[in-house]
Amino acid sequence: MKLYFLSTVLSGSNFFCKIWEGSGFANTGLGNILMIFVGVVLIFLAIRYSYKPLLLIPLGIGVILGNIPFLQTASYAIGIYEDGSVLHYLFQGVLKGIYPALIFLGLGAMTDLSPLISNPKLMLLGMAAQVGIFATFLGAMLFGFPIEQAAAVSIIGGADGNTAIFLSSQIANGLKLQPQALNVQNLIGPIAIAAYLYMALVPVIQPPIARLLTTKKERRIRMKPLRSLHRYEKILFSLSGLLLTAFIAPAALPLLGMFFFGNILKESGLTKQLANTASTVLIDIMLILVGITVGASTQADVFLKPESLVILLLGFVSFILATAGGVIFAKIMNLFLKKENRINPLIGAAGVAALPDSAHTIHEMGLKEDASNYLIVHATAPNIAGVIGSAITAGLLLSFIL
């Protein structure tokens with residue numbers, strides 16, 4: 001009786017009908033509910049287990065915002081894919097590769113390259129971990145992705161969400177006059193979610209793999225202390241790195257150029273204000289915008305497709321392969337090194353680009369084996385090399401695809 005009375009009131013009032021038709025309750029679907037649940041899970045992981053909260057909380061909120069159901073025929077724009085909406089304009093920073101470049105500027109301004117300069121052979125571990133990218137590329141091709149989409153998906157293997165966003169957005173821009181462009185653009189959300197999720201789960205995924213591939217004796221290897229560096233060495237390294245990587249992979253210049261620029265701001269000693277701004281306020285703002293917009297791009301009608309599940313699966317496998325590749329290559333290097341120069345193979349796992357989470361995870365693993373064995377400085381070197389290596393690989397893929 002009460003329901004009949006309510007329906008009579010609603011049907012008799014044009015005002016209430018429009019309110020109901022425009023509400024989320026009238027337009028919700030199972031996909032919206034599922035994706036909102038995913039957003040809540042991301043927030044839960046960030047708060048309960050401290051898994052990359054600066055990233056997962058904005059990402060989770062973005063997933064929720066992007067899946068609030070709305071009337072598709074409304075005369076006002078709400079969704080991130082609707083031209084004219086606020087989220088749509090904010091999303092342009094992702095689609096044009098602006099946010100990843102500015103995040104790399106902040107990363108460069110907060111990163112000390114001394115471990116890499118002091119022990120340059122550790123750079124090889126960062127290169128070895130890039131096997132995850134190539135494995136993902138081949139896996140995506142086997143699953144039937146066109147080569148352009150496979151290249152966009154493959155960068156998940158580098159475990160760097162910013163590079164993944166940059167590559168997929170640039171491929172989409174390069175194909176904008178072709179039918180595939182829309183498909184690549186719609187993959188940005190799943191690709192970024194996979195990359196950021198596995199970055200956040202580094203403390204969960206990497207330790208079992210590294211432990212499985214090493215012996216207790218290997219995990220207790222002590223590495224030689226690194227030498228101290230003059231700031232001019234650091235500046236010269238950044239300038240040389242900028243020129244070398246730019247000539248190797250010009251397409252990666254927006255990322256690597258900003259990274260080395262930020263590092264020079266840090267090491268020059270004369271631009272501390274600019275370096276502090278880039279490494280604090282700027283990068284924090286970019287993380288907020290990337291998290292919200294990438295999360296919002298996972299609208300149920302775009303995200304809930306078989307391709308998204310395949311991307312998540314490929315990302316997981318590639319992250320495992322990247323971790324294993326770094327550890328195994330460190331063990332191979334030890335076969336050719338003198339005893340006093342041996343590498344603790346645990347730090348090979350830090351060759352993925354999840355900076356600085358992977359280095360901290362490996363450091364904690366080392367402390368559990370030997371409470372006085374500090375690996376954080378040594379693990380940072382391949383971690384930095386992984387960031388640079390994934391950006392170079394992205395640039396090479398971009399040059400090859402387009």
# chains A, B, ... in the order shown; residues from 1 in each chain; ligands from 1
>>> closest_atom_pairs(of="region 69-171 of chain A", to="region 214-231 of chain A", cutoff="12 Å", atoms="only C-alpha atoms", output="Markdown table")
| residue | atom | partner | partner_atom | distance |
| --- | --- | --- | --- | --- |
| A:Asp112 | CA | A:Arg231 | CA | 10.7 |
| A:Leu113 | CA | A:Leu229 | CA | 10.0 |
| A:Ser114 | CA | A:Leu229 | CA | 6.8 |
| A:Pro115 | CA | A:Leu226 | CA | 6.9 |
| A:Leu116 | CA | A:Leu226 | CA | 9.6 |
| A:Ile117 | CA | A:Leu229 | CA | 8.4 |
| A:Ser118 | CA | A:Leu226 | CA | 5.9 |
| A:Asn119 | CA | A:Leu226 | CA | 7.2 |
| A:Pro120 | CA | A:Leu226 | CA | 10.9 |
| A:Leu122 | CA | A:Met223 | CA | 11.8 |
>>> write_last_selection(atoms="N, CA and C atoms", output="short mmCIF file (atom, residue, chain, number, x, y, z; two decimals), in the first residue's frame")
data_model
loop_
_atom_site.label_atom_id
_atom_site.label_comp_id
_atom_site.auth_asym_id
_atom_site.auth_seq_id
_atom_site.Cartn_x
_atom_site.Cartn_y
_atom_site.Cartn_z
N ASP A 112 68.76 10.44 -5.14
CA ASP A 112 70.21 10.51 -5.05
C ASP A 112 70.80 9.42 -5.94
N LEU A 113 71.52 9.81 -6.98
CA LEU A 113 72.08 8.87 -7.93
C LEU A 113 73.43 8.30 -7.50
N SER A 114 73.89 8.66 -6.32
CA SER A 114 75.21 8.23 -5.85
C SER A 114 75.40 6.72 -5.89
N PRO A 115 74.43 5.91 -5.41
CA PRO A 115 74.64 4.45 -5.45
C PRO A 115 74.89 3.91 -6.85
N LEU A 116 74.22 4.48 -7.82
CA LEU A 116 74.38 4.02 -9.20
C LEU A 116 75.72 4.45 -9.77
N ILE A 117 76.14 5.68 -9.44
CA ILE A 117 77.41 6.19 -9.95
C ILE A 117 78.58 5.46 -9.29
N SER A 118 78.46 5.16 -8.01
CA SER A 118 79.55 4.51 -7.27
C SER A 118 79.76 3.07 -7.70
N ASN A 119 78.71 2.40 -8.11
CA ASN A 119 78.81 0.99 -8.52
C ASN A 119 78.03 0.79 -9.81
N PRO A 120 78.56 1.30 -10.93
CA PRO A 120 77.80 1.30 -12.19
C PRO A 120 77.41 -0.07 -12.72
N LEU A 122 75.86 -2.22 -11.25
CA LEU A 122 74.51 -2.54 -10.78
C LEU A 122 73.44 -2.06 -11.75
#
>>> closest_atom_pairs(of="region 286-339 of chain A", to="region 67-91 of chain A", cutoff="12 Å", atoms="only C-alpha atoms", output="Markdown table")
| residue | atom | partner | partner_atom | distance |
| --- | --- | --- | --- | --- |
| A:Met286 | CA | A:Leu90 | CA | 10.9 |
| A:Ile288 | CA | A:Leu90 | CA | 10.9 |
| A:Leu289 | CA | A:Leu90 | CA | 7.3 |
| A:Val290 | CA | A:Phe91 | CA | 8.1 |
| A:Gly291 | CA | A:Phe91 | CA | 10.4 |
| A:Ile292 | CA | A:Leu87 | CA | 8.6 |
| A:Thr293 | CA | A:Phe91 | CA | 5.4 |
| A:Val294 | CA | A:Phe91 | CA | 7.5 |
| A:Gly295 | CA | A:Asn67 | CA | 9.3 |
| A:Ala296 | CA | A:Ile80 | CA | 6.6 |
| A:Ser297 | CA | A:Ile80 | CA | 6.3 |
| A:Thr298 | CA | A:Asn67 | CA | 7.5 |
| A:Gln299 | CA | A:Asn67 | CA | 5.3 |
| A:Ala300 | CA | A:Asn67 | CA | 6.4 |
| A:Asp301 | CA | A:Asn67 | CA | 9.3 |
| A:Val302 | CA | A:Tyr81 | CA | 9.9 |
| A:Phe303 | CA | A:Asn67 | CA | 10.3 |
| A:Leu304 | CA | A:Asn67 | CA | 11.4 |
>>> write_last_selection(atoms="C-alpha atoms", output="short mmCIF file (atom, residue, chain, number, x, y, z; two decimals), in the first residue's frame")
data_model
loop_
_atom_site.label_atom_id
_atom_site.label_comp_id
_atom_site.auth_asym_id
_atom_site.auth_seq_id
_atom_site.Cartn_x
_atom_site.Cartn_y
_atom_site.Cartn_z
CA MET A 286 50.47 15.26 -9.83
CA ILE A 288 46.44 13.43 -6.77
CA LEU A 289 45.49 14.28 -10.36
CA VAL A 290 46.84 11.03 -11.81
CA GLY A 291 45.13 8.93 -9.15
CA ILE A 292 41.75 10.63 -9.50
CA THR A 293 41.68 10.74 -13.31
CA VAL A 294 43.12 7.29 -13.98
CA GLY A 295 40.75 5.85 -11.41
CA ALA A 296 37.80 7.68 -12.95
CA SER A 297 38.73 6.33 -16.39
CA THR A 298 37.73 2.84 -15.22
CA GLN A 299 34.05 3.35 -15.99
CA ALA A 300 32.29 0.02 -15.85
CA ASP A 301 31.30 0.08 -19.53
CA VAL A 302 34.94 0.65 -20.51
CA PHE A 303 36.81 -1.35 -17.87
CA LEU A 304 34.70 -4.46 -17.41
#
>>> closest_residue(among="A:Ala246, A:Leu313, A:Ile98, A:Ile285", to="Ala391 (chain A)", atoms="only C-alpha atoms")
A:Ala246
>>> closest_residue(among="A:Gly97, A:Gly132, A:Gly144, A:Pro356", to="Lys52 (chain A)", atoms="only C-alpha atoms")
A:Pro356
>>> atom_distance(atom1="CA of Asn373 (chain A)", atom2="CA of Ile320 (chain A)")
25.1 Å
>>> decode(residues="region 106-234 of chain A", atoms="C-alpha atoms", output="PDB file, in the first residue's frame")
ATOM      1  CA  GLY A 106      59.783  15.299  -9.051  1.00  0.00           C
ATOM      2  CA  LEU A 107      61.397  11.847  -8.970  1.00  0.00           C
ATOM      3  CA  GLY A 108      64.622  13.264 -10.337  1.00  0.00           C
ATOM      4  CA  ALA A 109      64.601  16.052  -7.768  1.00  0.00           C
ATOM      5  CA  MET A 110      64.223  13.620  -4.857  1.00  0.00           C
ATOM      6  CA  THR A 111      66.584  10.866  -6.058  1.00  0.00           C
ATOM      7  CA  ASP A 112      70.211  10.513  -5.052  1.00  0.00           C
ATOM      8  CA  LEU A 113      72.079   8.865  -7.934  1.00  0.00           C
ATOM      9  CA  SER A 114      75.211   8.232  -5.850  1.00  0.00           C
ATOM     10  CA  PRO A 115      74.640   4.452  -5.447  1.00  0.00           C
ATOM     11  CA  LEU A 116      74.375   4.019  -9.201  1.00  0.00           C
ATOM     12  CA  ILE A 117      77.413   6.188  -9.948  1.00  0.00           C
ATOM     13  CA  SER A 118      79.547   4.510  -7.274  1.00  0.00           C
ATOM     14  CA  ASN A 119      78.812   0.992  -8.516  1.00  0.00           C
ATOM     15  CA  PRO A 120      77.799   1.303 -12.195  1.00  0.00           C
ATOM     16  CA  LYS A 121      77.747  -2.463 -12.792  1.00  0.00           C
ATOM     17  CA  LEU A 122      74.514  -2.537 -10.779  1.00  0.00           C
ATOM     18  CA  MET A 123      72.922  -0.760 -13.706  1.00  0.00           C
ATOM     19  CA  LEU A 124      72.915  -4.134 -15.456  1.00  0.00           C
ATOM     20  CA  LEU A 125      70.438  -5.434 -12.871  1.00  0.00           C
ATOM     21  CA  GLY A 126      67.988  -2.711 -13.819  1.00  0.00           C
ATOM     22  CA  MET A 127      68.415  -3.659 -17.456  1.00  0.00           C
ATOM     23  CA  ALA A 128      67.926  -7.376 -16.700  1.00  0.00           C
ATOM     24  CA  ALA A 129      64.625  -6.686 -14.953  1.00  0.00           C
ATOM     25  CA  GLN A 130      63.253  -5.240 -18.198  1.00  0.00           C
ATOM     26  CA  VAL A 131      62.686  -8.841 -19.305  1.00  0.00           C
ATOM     27  CA  GLY A 132      59.220  -8.360 -17.821  1.00  0.00           C
ATOM     28  CA  ILE A 133      58.388  -5.775 -20.482  1.00  0.00           C
ATOM     29  CA  PHE A 134      59.396  -7.977 -23.406  1.00  0.00           C
ATOM     30  CA  ALA A 135      57.687 -11.015 -21.895  1.00  0.00           C
ATOM     31  CA  THR A 136      54.467  -9.014 -21.536  1.00  0.00           C
ATOM     32  CA  PHE A 137      54.765  -7.784 -25.126  1.00  0.00           C
ATOM     33  CA  LEU A 138      54.992 -11.349 -26.423  1.00  0.00           C
ATOM     34  CA  GLY A 139      52.219 -12.496 -24.073  1.00  0.00           C
ATOM     35  CA  ALA A 140      49.893  -9.730 -25.251  1.00  0.00           C
ATOM     36  CA  MET A 141      50.564 -10.685 -28.864  1.00  0.00           C
ATOM     37  CA  LEU A 142      49.761 -14.330 -28.075  1.00  0.00           C
ATOM     38  CA  PHE A 143      46.454 -13.242 -26.524  1.00  0.00           C
ATOM     39  CA  GLY A 144      45.521 -11.548 -29.786  1.00  0.00           C
ATOM     40  CA  PHE A 145      46.211  -7.885 -28.982  1.00  0.00           C
ATOM     41  CA  PRO A 146      47.212  -5.812 -32.036  1.00  0.00           C
ATOM     42  CA  ILE A 147      50.878  -4.821 -31.943  1.00  0.00           C
ATOM     43  CA  GLU A 148      50.046  -1.237 -30.890  1.00  0.00           C
ATOM     44  CA  GLN A 149      47.975  -2.427 -27.955  1.00  0.00           C
ATOM     45  CA  ALA A 150      50.543  -5.102 -27.060  1.00  0.00           C
ATOM     46  CA  ALA A 151      53.230  -2.418 -26.809  1.00  0.00           C
ATOM     47  CA  ALA A 152      51.027  -0.310 -24.543  1.00  0.00           C
ATOM     48  CA  VAL A 153      50.258  -3.303 -22.324  1.00  0.00           C
ATOM     49  CA  SER A 154      53.869  -4.525 -22.205  1.00  0.00           C
ATOM     50  CA  ILE A 155      55.191  -1.604 -20.181  1.00  0.00           C
ATOM     51  CA  ILE A 156      53.340  -3.005 -17.135  1.00  0.00           C
ATOM     52  CA  GLY A 157      56.313  -5.365 -16.897  1.00  0.00           C
ATOM     53  CA  GLY A 158      58.469  -2.424 -15.872  1.00  0.00           C
ATOM     54  CA  ALA A 159      56.314  -1.912 -12.763  1.00  0.00           C
ATOM     55  CA  ASP A 160      56.126   1.840 -13.372  1.00  0.00           C
ATOM     56  CA  GLY A 161      52.636   3.255 -13.687  1.00  0.00           C
ATOM     57  CA  ASN A 162      53.858   6.650 -14.907  1.00  0.00           C
ATOM     58  CA  THR A 163      55.823   5.158 -17.798  1.00  0.00           C
ATOM     59  CA  ALA A 164      52.863   2.896 -18.598  1.00  0.00           C
ATOM     60  CA  ILE A 165      50.524   5.893 -18.793  1.00  0.00           C
ATOM     61  CA  PHE A 166      52.992   7.839 -20.912  1.00  0.00           C
ATOM     62  CA  LEU A 167      53.559   5.063 -23.459  1.00  0.00           C
ATOM     63  CA  SER A 168      49.898   4.114 -23.850  1.00  0.00           C
ATOM     64  CA  SER A 169      48.827   7.756 -24.167  1.00  0.00           C
ATOM     65  CA  GLN A 170      51.509   8.511 -26.768  1.00  0.00           C
ATOM     66  CA  ILE A 171      50.565   5.450 -28.803  1.00  0.00           C
ATOM     67  CA  ALA A 172      46.915   6.546 -28.661  1.00  0.00           C
ATOM     68  CA  ASN A 173      47.893  10.052 -29.799  1.00  0.00           C
ATOM     69  CA  GLY A 174      50.033   8.654 -32.593  1.00  0.00           C
ATOM     70  CA  LEU A 175      47.127   6.536 -33.834  1.00  0.00           C
ATOM     71  CA  LYS A 176      44.493   9.246 -33.452  1.00  0.00           C
ATOM     72  CA  LEU A 177      43.639   9.175 -37.143  1.00  0.00           C
ATOM     73  CA  GLN A 178      43.173   5.406 -37.115  1.00  0.00           C
ATOM     74  CA  PRO A 179      40.387   3.248 -35.651  1.00  0.00           C
ATOM     75  CA  GLN A 180      42.761   1.604 -33.144  1.00  0.00           C
ATOM     76  CA  ALA A 181      43.274   4.896 -31.313  1.00  0.00           C
ATOM     77  CA  LEU A 182      40.090   4.649 -29.272  1.00  0.00           C
ATOM     78  CA  ASN A 183      40.920   1.099 -28.231  1.00  0.00           C
ATOM     79  CA  VAL A 184      44.397   2.081 -27.006  1.00  0.00           C
ATOM     80  CA  GLN A 185      42.986   5.078 -25.152  1.00  0.00           C
ATOM     81  CA  ASN A 186      40.439   2.900 -23.396  1.00  0.00           C
ATOM     82  CA  LEU A 187      43.239   0.582 -22.282  1.00  0.00           C
ATOM     83  CA  ILE A 188      44.987   3.358 -20.338  1.00  0.00           C
ATOM     84  CA  GLY A 189      42.793   2.746 -17.280  1.00  0.00           C
ATOM     85  CA  PRO A 190      43.355  -1.030 -17.046  1.00  0.00           C
ATOM     86  CA  ILE A 191      47.066  -0.655 -17.836  1.00  0.00           C
ATOM     87  CA  ALA A 192      47.600   2.025 -15.192  1.00  0.00           C
ATOM     88  CA  ILE A 193      45.526   0.160 -12.603  1.00  0.00           C
ATOM     89  CA  ALA A 194      47.586  -2.997 -13.166  1.00  0.00           C
ATOM     90  CA  ALA A 195      50.925  -1.171 -13.020  1.00  0.00           C
ATOM     91  CA  TYR A 196      50.056   0.869  -9.917  1.00  0.00           C
ATOM     92  CA  LEU A 197      48.482  -2.106  -8.172  1.00  0.00           C
ATOM     93  CA  TYR A 198      51.581  -4.255  -8.587  1.00  0.00           C
ATOM     94  CA  MET A 199      53.767  -1.321  -7.521  1.00  0.00           C
ATOM     95  CA  ALA A 200      51.732  -1.131  -4.332  1.00  0.00           C
ATOM     96  CA  LEU A 201      51.946  -4.906  -3.799  1.00  0.00           C
ATOM     97  CA  VAL A 202      55.756  -5.020  -4.064  1.00  0.00           C
ATOM     98  CA  PRO A 203      56.106  -6.012  -0.361  1.00  0.00           C
ATOM     99  CA  VAL A 204      53.759  -8.949  -0.989  1.00  0.00           C
ATOM    100  CA  ILE A 205      54.910 -10.219  -4.401  1.00  0.00           C
ATOM    101  CA  GLN A 206      58.670  -9.757  -4.430  1.00  0.00           C
ATOM    102  CA  PRO A 207      59.901 -11.388  -1.163  1.00  0.00           C
ATOM    103  CA  PRO A 208      58.616 -14.935  -1.930  1.00  0.00           C
ATOM    104  CA  ILE A 209      60.166 -14.851  -5.397  1.00  0.00           C
ATOM    105  CA  ALA A 210      63.518 -13.506  -4.214  1.00  0.00           C
ATOM    106  CA  ARG A 211      63.594 -16.008  -1.354  1.00  0.00           C
ATOM    107  CA  LEU A 212      62.759 -18.903  -3.660  1.00  0.00           C
ATOM    108  CA  LEU A 213      65.607 -18.078  -6.052  1.00  0.00           C
ATOM    109  CA  THR A 214      68.336 -17.505  -3.451  1.00  0.00           C
ATOM    110  CA  THR A 215      70.023 -19.483  -0.700  1.00  0.00           C
ATOM    111  CA  LYS A 216      70.399 -18.292   2.860  1.00  0.00           C
ATOM    112  CA  LYS A 217      74.116 -17.872   2.269  1.00  0.00           C
ATOM    113  CA  GLU A 218      73.478 -15.665  -0.765  1.00  0.00           C
ATOM    114  CA  ARG A 219      70.971 -13.546   1.117  1.00  0.00           C
ATOM    115  CA  ARG A 220      73.600 -12.834   3.782  1.00  0.00           C
ATOM    116  CA  ILE A 221      76.249 -11.570   1.358  1.00  0.00           C
ATOM    117  CA  ARG A 222      77.724  -8.255   2.499  1.00  0.00           C
ATOM    118  CA  MET A 223      78.591  -5.774  -0.200  1.00  0.00           C
ATOM    119  CA  LYS A 224      81.479  -3.321  -0.141  1.00  0.00           C
ATOM    120  CA  PRO A 225      80.654   0.198   1.103  1.00  0.00           C
ATOM    121  CA  LEU A 226      80.196   2.715  -1.662  1.00  0.00           C
ATOM    122  CA  ARG A 227      82.656   5.548  -2.141  1.00  0.00           C
ATOM    123  CA  SER A 228      81.662   9.130  -1.508  1.00  0.00           C
ATOM    124  CA  LEU A 229      81.109  11.408  -4.497  1.00  0.00           C
ATOM    125  CA  HIS A 230      81.677  15.054  -5.271  1.00  0.00           C
ATOM    126  CA  ARG A 231      78.610  16.918  -6.433  1.00  0.00           C
ATOM    127  CA  TYR A 232      80.312  17.675  -9.756  1.00  0.00           C
ATOM    128  CA  GLU A 233      80.429  13.923 -10.441  1.00  0.00           C
ATOM    129  CA  LYS A 234      76.685  13.727  -9.888  1.00  0.00           C
TER     130      LYS A 234
END
